[in-house]
>>> print(open('target-v6.tsv').read())   # TSV, C-alpha atoms
chain	number	residue	atom	x	y	z
A	1	MET	CA	0.00	0.00	0.00
A	2	THR	CA	1.31	3.44	-0.89
A	3	PRO	CA	0.81	6.45	1.42
A	4	GLU	CA	-1.74	7.67	-1.14
A	5	ASP	CA	-3.66	4.41	-0.81
A	6	GLU	CA	-3.61	4.69	2.98
A	7	THR	CA	-5.11	8.19	2.73
A	8	LEU	CA	-7.83	6.93	0.38
A	9	ILE	CA	-8.59	4.07	2.78
A	10	GLU	CA	-8.91	6.47	5.71
A	11	GLN	CA	-11.48	8.46	3.74
A	12	VAL	CA	-13.53	5.38	2.86
A	13	VAL	CA	-13.42	4.16	6.47
A	14	GLY	CA	-15.29	7.26	7.68
A	15	ALA	CA	-19.09	7.06	7.77
A	16	TYR	CA	-19.61	10.37	5.94
A	17	ARG	CA	-21.15	9.95	2.50
A	18	GLY	CA	-22.52	12.57	0.17
A	19	ARG	CA	-26.08	12.50	-1.12
A	20	ASP	CA	-27.31	13.02	-4.65
A	21	VAL	CA	-28.90	16.46	-4.83
A	22	THR	CA	-31.92	15.36	-6.88
A	23	SER	CA	-32.57	11.77	-5.77
A	24	ASP	CA	-31.19	12.08	-2.20
A	25	ARG	CA	-29.54	8.70	-2.80
A	26	ILE	CA	-26.49	8.00	-0.60
A	27	GLN	CA	-23.46	8.14	-2.85
A	28	GLU	CA	-20.38	5.95	-2.99
A	29	HIS	CA	-17.36	7.73	-1.50
A	30	PRO	CA	-15.25	9.12	-4.38
A	31	ALA	CA	-12.11	7.65	-2.77
A	32	PHE	CA	-13.62	4.14	-3.09
A	33	ALA	CA	-13.41	4.34	-6.88
A	34	ASP	CA	-9.79	5.49	-6.68
A	35	LEU	CA	-8.72	2.35	-4.78
A	36	ASP	CA	-7.81	-0.94	-6.42
A	37	ALA	CA	-9.51	-4.17	-5.28
A	38	ALA	CA	-6.90	-4.83	-2.58
A	39	GLY	CA	-7.33	-1.33	-1.19
A	40	ARG	CA	-11.13	-1.63	-1.19
A	41	GLU	CA	-10.86	-4.96	0.61
A	42	ARG	CA	-8.57	-3.47	3.20
A	43	ALA	CA	-10.97	-0.55	3.69
A	44	TYR	CA	-13.76	-3.05	4.44
A	45	TRP	CA	-11.78	-4.82	7.18
A	46	VAL	CA	-10.51	-1.58	8.71
A	47	THR	CA	-14.09	-0.27	8.74
A	48	LEU	CA	-15.21	-3.36	10.66
A	49	ASP	CA	-12.52	-2.61	13.25
A	50	ASN	CA	-13.46	1.04	13.42
A	51	ARG	CA	-17.19	0.50	13.85
A	52	ARG	CA	-16.47	-1.95	16.68
A	53	LEU	CA	-14.18	0.60	18.28
A	54	GLU	CA	-16.70	3.44	17.90
A	55	ALA	CA	-19.51	1.32	19.35
A	56	ALA	CA	-17.34	0.41	22.33
A	57	LEU	CA	-16.67	4.09	23.04
A	58	ASP	CA	-20.29	5.20	22.57
A	59	PRO	CA	-22.58	5.32	25.64
A	60	ASN	CA	-25.38	3.70	23.65
A	61	GLY	CA	-23.16	1.16	21.94
A	62	LEU	CA	-23.68	2.70	18.52
A	63	SER	CA	-21.07	3.10	15.82
A	64	THR	CA	-20.82	6.33	13.83
A	65	THR	CA	-22.96	4.64	11.18
A	66	GLY	CA	-25.62	3.82	13.77
A	67	ASN	CA	-25.58	7.34	15.19
A	68	LEU	CA	-25.73	8.86	11.71
A	69	VAL	CA	-28.77	6.80	10.67
A	70	LEU	CA	-30.58	7.44	13.95
A	71	SER	CA	-29.96	11.19	13.75
A	72	ARG	CA	-31.44	11.23	10.22
A	73	ILE	CA	-34.47	9.28	11.37
A	74	ARG	CA	-35.03	11.48	14.42
A	75	ALA	CA	-34.66	14.65	12.35
A	76	ALA	CA	-37.51	13.45	10.16
A	77	LEU	CA	-39.84	12.50	13.03
A	78	PRO	CA	-42.80	14.82	13.72
A	79	ARG	CA	-42.25	17.07	16.72
B	1	MET	CA	-24.54	-16.07	23.08
B	2	GLY	CA	-26.97	-14.98	20.40
B	3	SER	CA	-30.09	-12.97	21.09
B	4	ASP	CA	-33.44	-12.51	19.41
B	5	LEU	CA	-33.53	-8.89	18.31
B	6	ASP	CA	-37.21	-9.22	17.47
B	7	GLN	CA	-37.82	-8.25	21.10
B	8	TYR	CA	-37.53	-4.67	19.74
B	9	LEU	CA	-39.76	-5.18	16.71
B	10	GLY	CA	-43.04	-4.11	18.31
B	11	ASP	CA	-41.57	-0.85	19.63
B	12	ILE	CA	-39.82	-0.16	16.31
B	13	VAL	CA	-43.11	-0.59	14.45
B	14	ARG	CA	-44.70	1.87	16.91
B	15	GLY	CA	-42.02	4.43	15.95
B	16	ASP	CA	-39.75	4.16	19.01
B	17	SER	CA	-36.36	5.36	17.75
B	18	ASP	CA	-34.66	4.38	21.03
B	19	ALA	CA	-35.73	0.77	20.45
B	20	PHE	CA	-34.38	1.03	16.91
B	21	GLY	CA	-31.10	2.28	18.35
B	22	HIS	CA	-30.86	-0.87	20.50
B	23	TRP	CA	-31.63	-2.98	17.44
B	24	ILE	CA	-28.98	-1.20	15.34
B	25	ALA	CA	-26.31	-1.53	18.06
B	26	ALA	CA	-26.74	-5.31	18.06
B	27	ALA	CA	-27.55	-5.87	14.38
B	28	GLU	CA	-25.04	-3.66	12.54
B	29	PRO	CA	-21.94	-5.89	12.97
B	30	ALA	CA	-23.76	-8.98	11.68
B	31	LEU	CA	-25.30	-7.00	8.84
B	32	ARG	CA	-21.94	-5.54	7.76
B	33	ARG	CA	-20.21	-8.92	7.96
B	34	SER	CA	-22.97	-10.49	5.85
B	35	LEU	CA	-21.80	-8.22	3.00
B	36	VAL	CA	-18.21	-9.55	3.05
B	37	ARG	CA	-18.64	-11.04	-0.43
B	38	TYR	CA	-19.06	-7.56	-1.89
B	39	ARG	CA	-16.21	-5.90	0.01
B	40	ALA	CA	-13.95	-5.27	-2.98
B	41	SER	CA	-16.72	-4.31	-5.36
B	42	VAL	CA	-19.26	-2.24	-3.44
B	43	ASP	CA	-18.92	0.62	-0.95
B	44	VAL	CA	-20.47	-1.43	1.87
B	45	GLU	CA	-20.96	1.67	4.03
B	46	ILE	CA	-23.67	3.08	1.74
B	47	VAL	CA	-25.42	-0.30	1.62
B	48	VAL	CA	-25.45	-0.53	5.42
B	49	GLN	CA	-26.77	3.03	5.83
B	50	GLU	CA	-29.50	2.60	3.20
B	51	THR	CA	-30.49	-0.78	4.63
B	52	LEU	CA	-30.89	0.62	8.14
B	53	LEU	CA	-33.05	3.47	6.83
B	54	ARG	CA	-35.26	0.99	4.94
B	55	VAL	CA	-35.58	-1.26	7.99
B	56	TRP	CA	-37.00	1.68	9.94
B	57	GLN	CA	-39.39	2.60	7.13
B	58	LEU	CA	-40.52	-0.91	6.25
B	59	ALA	CA	-40.48	-2.70	9.63
B	60	PRO	CA	-44.32	-2.55	9.84
B	61	ARG	CA	-44.50	-4.73	6.74
B	62	VAL	CA	-42.15	-7.44	8.06
B	63	GLN	CA	-44.05	-10.61	8.86
B	64	ALA	CA	-42.83	-12.67	11.82
B	65	ASP	CA	-42.24	-16.28	10.76
B	66	GLY	CA	-41.85	-17.89	14.17
B	67	GLN	CA	-38.06	-17.99	13.89
B	68	PRO	CA	-35.77	-15.59	15.80
B	69	ASN	CA	-34.40	-12.41	14.25
B	70	CYS	CA	-36.88	-12.10	11.40
B	71	LEU	CA	-36.17	-8.35	11.13
B	72	LEU	CA	-32.41	-8.94	10.90
B	73	ARG	CA	-32.88	-11.67	8.31
B	74	TRP	CA	-35.14	-9.33	6.32
B	75	ALA	CA	-32.48	-6.60	6.62
B	76	SER	CA	-29.79	-8.97	5.36
B	77	ARG	CA	-31.83	-9.84	2.27
B	78	CYS	CA	-32.50	-6.14	1.69
B	79	ALA	CA	-28.75	-5.38	2.05
B	80	LYS	CA	-27.77	-8.04	-0.47
B	81	ASN	CA	-30.31	-6.73	-2.98
B	82	LEU	CA	-28.99	-3.21	-2.50
B	83	ALA	CA	-25.39	-4.47	-2.92
B	84	LEU	CA	-26.39	-6.13	-6.20
B	85	ASP	CA	-28.02	-2.87	-7.34
B	86	GLU	CA	-24.77	-1.06	-6.55
B	87	LEU	CA	-22.79	-3.70	-8.46
B	88	ARG	CA	-24.93	-3.16	-11.53
B	89	ARG	CA	-24.71	0.60	-11.19
B	90	SER	CA	-20.92	0.61	-10.83
B	91	ARG	CA	-20.39	-2.11	-13.47
B	92	ARG	CA	-17.93	-3.83	-11.16
B	93	PHE	CA	-18.19	-7.55	-10.47
B	94	VAL	CA	-17.56	-9.99	-7.64
B	95	PRO	CA	-14.52	-12.16	-8.50
B	96	SER	CA	-15.58	-15.67	-9.57
B	97	ASP	CA	-13.36	-17.31	-6.95
B	98	GLU	CA	-14.96	-15.23	-4.22
B	99	VAL	CA	-16.62	-16.96	-1.30
B	100	ALA	CA	-20.31	-17.72	-1.49
B	101	GLU	CA	-22.86	-15.87	0.61
B	102	ILE	CA	-22.12	-16.38	4.31
B	103	GLU	CA	-24.54	-17.25	7.06
B	104	LEU	CA	-25.82	-14.33	9.07
B	105	ALA	CA	-23.93	-14.22	12.38
B	106	GLU	CA	-25.83	-14.38	15.65
B	107	PRO	CA	-26.24	-10.86	17.04
B	108	ALA	CA	-25.26	-10.14	20.63
B	109	ILE	CA	-27.18	-7.62	22.72
B	110	GLU	CA	-24.97	-7.65	25.80
B	111	ALA	CA	-21.93	-5.39	25.44
B	112	ASP	CA	-18.52	-6.68	26.53
B	113	VAL	CA	-18.02	-4.33	29.48
B	114	LEU	CA	-14.37	-5.29	30.03
B	115	LEU	CA	-13.56	-4.69	26.36
B	116	ARG	CA	-15.25	-1.29	26.49
B	117	GLU	CA	-13.21	-0.33	29.55
B	118	ARG	CA	-9.96	-1.47	27.93
B	119	ILE	CA	-10.69	0.45	24.73
B	120	ALA	CA	-11.60	3.61	26.67
B	121	ASP	CA	-8.40	3.27	28.72
B	122	CYS	CA	-6.29	2.87	25.58
B	123	GLN	CA	-8.03	5.86	23.99
B	124	ARG	CA	-7.09	8.02	27.00
B	125	ARG	CA	-3.44	7.05	26.50
B	126	LEU	CA	-3.30	8.23	22.88
B	127	PRO	CA	-1.00	11.16	22.06
B	128	GLU	CA	-2.87	14.43	21.67
B	129	LYS	CA	-3.21	14.77	17.90
B	130	PRO	CA	-4.15	11.17	17.05
B	131	GLY	CA	-6.58	11.28	19.98
B	132	LEU	CA	-8.15	14.50	18.74
B	133	ALA	CA	-8.52	13.17	15.20
B	134	LEU	CA	-10.18	9.97	16.41
B	135	GLN	CA	-12.54	11.84	18.74
B	136	ALA	CA	-13.50	14.29	15.98
B	137	ARG	CA	-14.53	11.37	13.75
B	138	ILE	CA	-16.56	9.82	16.56
B	139	ASP	CA	-18.18	13.12	17.59
B	140	SER	CA	-19.15	13.97	14.01
B	141	ALA	CA	-20.90	10.58	13.64
B	142	GLY	CA	-20.54	10.71	9.89
B	143	GLY	CA	-22.26	14.08	9.69
B	144	ALA	CA	-19.33	16.06	8.28
B	145	PRO	CA	-16.68	15.41	5.62
B	146	ASP	CA	-13.08	14.95	6.67
B	147	GLU	CA	-12.14	18.34	5.19
B	148	THR	CA	-14.43	19.98	7.76
B	149	LEU	CA	-13.10	17.90	10.67
B	150	ALA	CA	-9.48	18.56	9.69
B	151	GLY	CA	-10.22	22.29	9.45
B	152	MET	CA	-11.78	22.30	12.93
B	153	LEU	CA	-8.56	20.79	14.29
B	154	SER	CA	-6.35	23.12	12.21
B	155	MET	CA	-4.83	20.09	10.52
B	156	LYS	CA	-4.13	19.54	6.86
B	157	LEU	CA	-6.38	16.82	5.44
B	158	ASN	CA	-3.43	14.51	4.88
B	159	THR	CA	-2.22	15.06	8.45
B	160	PHE	CA	-5.72	14.34	9.77
B	161	HIS	CA	-5.76	10.98	7.95
B	162	GLN	CA	-2.25	10.15	9.16
B	163	ASN	CA	-3.33	10.88	12.73
B	164	LEU	CA	-6.38	8.62	12.36
B	165	ALA	CA	-4.22	5.77	11.08
B	166	ARG	CA	-1.76	6.34	13.92
B	167	ALA	CA	-4.55	6.38	16.51
B	168	ARG	CA	-5.86	3.03	15.26
B	169	LYS	CA	-2.37	1.51	15.24
B	170	LEU	CA	-1.60	2.71	18.77
B	171	LEU	CA	-4.99	1.52	20.05
B	172	ALA	CA	-4.42	-1.93	18.56
B	173	GLU	CA	-0.95	-2.10	20.15
B	174	CYS	CA	-2.35	-0.98	23.52
B	175	LEU	CA	-5.13	-3.59	23.36
B	176	ARG	CA	-2.71	-6.35	22.38
B	177	ARG	CA	-0.56	-5.48	25.39
B	178	ALA	CA	-3.72	-5.99	27.45
B	179	GLY	CA	-4.15	-9.43	25.87
B	180	ILE	CA	-6.87	-8.44	23.42
B	181	GLU	CA	-6.32	-9.33	19.78
B	182	TRP	CA	-7.50	-6.39	17.78
B	183	GLY	CA	-7.26	-4.86	14.41
B	184	PHE	CA	-6.80	-5.55	10.75
B	185	ASP	CA	-3.90	-7.90	10.09
B	186	ALA	CA	-2.11	-6.82	6.94
B	187	GLU	CA	-0.39	-10.22	6.74
B	188	THR	CA	-3.58	-12.27	6.65
B	189	GLY	CA	-5.98	-9.56	5.53
B	190	ARG	CA	-8.34	-10.43	8.37
B	191	THR	CA	-9.57	-9.14	11.68
B	192	PRO	CA	-9.63	-11.37	14.79
>>> encode(input="target-v6.tsv", output="structure tokens")
Amino acid sequence: MTPEDETLIEQVVGAYRGRDVTSDRIQEHPAFADLDAAGRERAYWVTLDNRRLEAALDPNGLSTTGNLVLSRIRAALPR
Amino acid sequence: MGSDLDQYLGDIVRGDSDAFGHWIAAAEPALRRSLVRYRASVDVEIVVQETLLRVWQLAPRVQADGQPNCLLRWASRCAKNLALDELRRSRRFVPSDEVAEIELAEPAIEADVLLRERIADCQRRLPEKPGLALQARIDSAGGAPDETLAGMLSMKLNTFHQNLARARKLLAECLRRAGIEWGFDAETGRTP
């Protein structure tokens, strides 16, 4: 892995994803397409580690993915 | 020991987001691992996020079949269909020698308290900048791009990513010293 690959992997490992302006569809991280198959595979395993770590540090046991999804759901709930 | 996450189904159907939070906390690892076949072809993160949103929206339509974890099994089927949609969209493919679909792992509701304490202890021992980068990622909960987080910490984007990688490496070393196998193994390409 080159340092450039490691930087791309770090980006993919984060839970942030953009959304399509018109369809609101969650979009693939641009860095994912810049990685080769080995880099994408590594990003998957590192993400598994990271989500486990995040969940262990969260008072409700949620990863950043879990917190992100819940915050979107709660923002859409009627008040 | 596995648990039946359908204990939350009734509350989820009634719109209880706290109950859905409990379900996500236990279900997400199994759901993400069930997508291992697509790891080199599909951005699994978007599939997991979209699946969880659909579970919340469509849980009232899920029919219990008398077996445990019907909502998780429904979510896994939904995730695989979404992964296949992404494959078609991206025009990538799953290598022919890739493993077949794997069985859905048993979810666990009870958190490993000792592991949580060890991880929190190791996090406290991180040097300042790797610790700040890791905490910024956790605090943002996927709500902000890395450029924003790096800017908040007055770090260059590349430095922010280097600090994240260093934080993970130091945490894994700290946990291994405590007798806990942790982290991606570059030699085998696997996690414990």
>>> closest_atom_pairs(input="target-v6.tsv", of="chain B", to="chain A", cutoff="6 Å", atoms="all atoms listed in the file", output="JSON lines")
{"residue": "B:Ala25", "atom": "CA", "partner": "A:Leu62", "partner_atom": "CA", "distance": 5.0}
{"residue": "B:Arg39", "atom": "CA", "partner": "A:Glu41", "partner_atom": "CA", "distance": 5.5}
{"residue": "B:Ala40", "atom": "CA", "partner": "A:Glu41", "partner_atom": "CA", "distance": 4.7}
{"residue": "B:Asp43", "atom": "CA", "partner": "A:Glu28", "partner_atom": "CA", "distance": 5.9}
{"residue": "B:Arg116", "atom": "CA", "partner": "A:Ala56", "partner_atom": "CA", "distance": 5.0}
{"residue": "B:Ala141", "atom": "CA", "partner": "A:Thr64", "partner_atom": "CA", "distance": 4.3}
{"residue": "B:Gly142", "atom": "CA", "partner": "A:Tyr16", "partner_atom": "CA", "distance": 4.1}
{"residue": "B:Gly143", "atom": "CA", "partner": "A:Tyr16", "partner_atom": "CA", "distance": 5.9}
{"residue": "B:Pro145", "atom": "CA", "partner": "A:Tyr16", "partner_atom": "CA", "distance": 5.8}
{"residue": "B:His161", "atom": "CA", "partner": "A:Glu10", "partner_atom": "CA", "distance": 5.9}
{"residue": "B:Gly183", "atom": "CA", "partner": "A:Asp49", "partner_atom": "CA", "distance": 5.8}
{"residue": "B:Phe184", "atom": "CA", "partner": "A:Val46", "partner_atom": "CA", "distance": 5.8}
>>> closest_residue(input="target-v6.tsv", among="B:Gly21, B:Leu171, B:Asn158, B:Ala26", to="Asp112 (chain B)", atoms="only C-alpha atoms")
B:Ala26
>>> atom_distance(input="target-v6.tsv", atom1="CA of Ala75 (chain A)", atom2="CA of Asp24 (chain A)")
15.2 Å
>>> atom_distance(input="target-v6.tsv", atom1="CA of Val21 (chain A)", atom2="CA of Met155 (chain B)")
28.8 Å
>>> atom_distance(input="target-v6.tsv", atom1="CA of Gly10 (chain B)", atom2="CA of Ala27 (chain B)")
16.1 Å
>>> residues_near_point(input="target-v6.tsv", point="(-28.7, -9.2, -4.8)", cutoff="12 Å", atoms="only C-alpha atoms", output="PyMOL selection string")
chain B and resi 35+37-38+42+47+76-88+94+101
>>> closest_residue(input="target-v6.tsv", among="B:Ile138, B:Leu153, B:Leu164, B:Leu114", to="Ala178 (chain B)", atoms="only C-alpha atoms")
B:Leu114
>>> closest_residue(input="target-v6.tsv", among="B:Trp182, B:Phe20, B:Trp74, B:Phe160", to="Leu104 (chain B)", atoms="all atoms listed in the file")
B:Trp74
>>> residues_around(input="target-v6.tsv", residues="Trp56 (chain B)", least_positions_apart="3", cutoff="12 Å", atoms="all atoms listed in the file", output="PyMOL selection string")
(chain A and resi 69-70+72-74+76-77) or (chain B and resi 8-21+23-24+49-53+59-62+71-72+74-75)
>>> residues_around(input="target-v6.tsv", residues="Cys70 (chain B)", least_positions_apart="6", cutoff="9 Å", atoms="all atoms listed in the file", output="short mmCIF file (atom, residue, chain, number, x, y, z; two decimals) with C-alpha atoms, keeping the file's coordinate frame")
data_model
loop_
_atom_site.label_atom_id
_atom_site.label_comp_id
_atom_site.auth_asym_id
_atom_site.auth_seq_id
_atom_site.Cartn_x
_atom_site.Cartn_y
_atom_site.Cartn_z
CA ASP B 4 -33.44 -12.51 19.41
CA LEU B 5 -33.53 -8.89 18.31
CA ASP B 6 -37.21 -9.22 17.47
CA VAL B 62 -42.15 -7.44 8.06
CA GLN B 63 -44.05 -10.61 8.86
CA ALA B 64 -42.83 -12.67 11.82
#
>>> closest_residue(input="target-v6.tsv", among="B:Ala30, B:Met152, B:Ala136, B:Ala165", to="Asn69 (chain B)", atoms="only C-alpha atoms")
B:Ala30
>>> closest_residue(input="target-v6.tsv", among="B:Val48, B:Leu157, B:Ala120, B:Leu134", to="Cys174 (chain B)", atoms="all atoms listed in the file")
B:Ala120
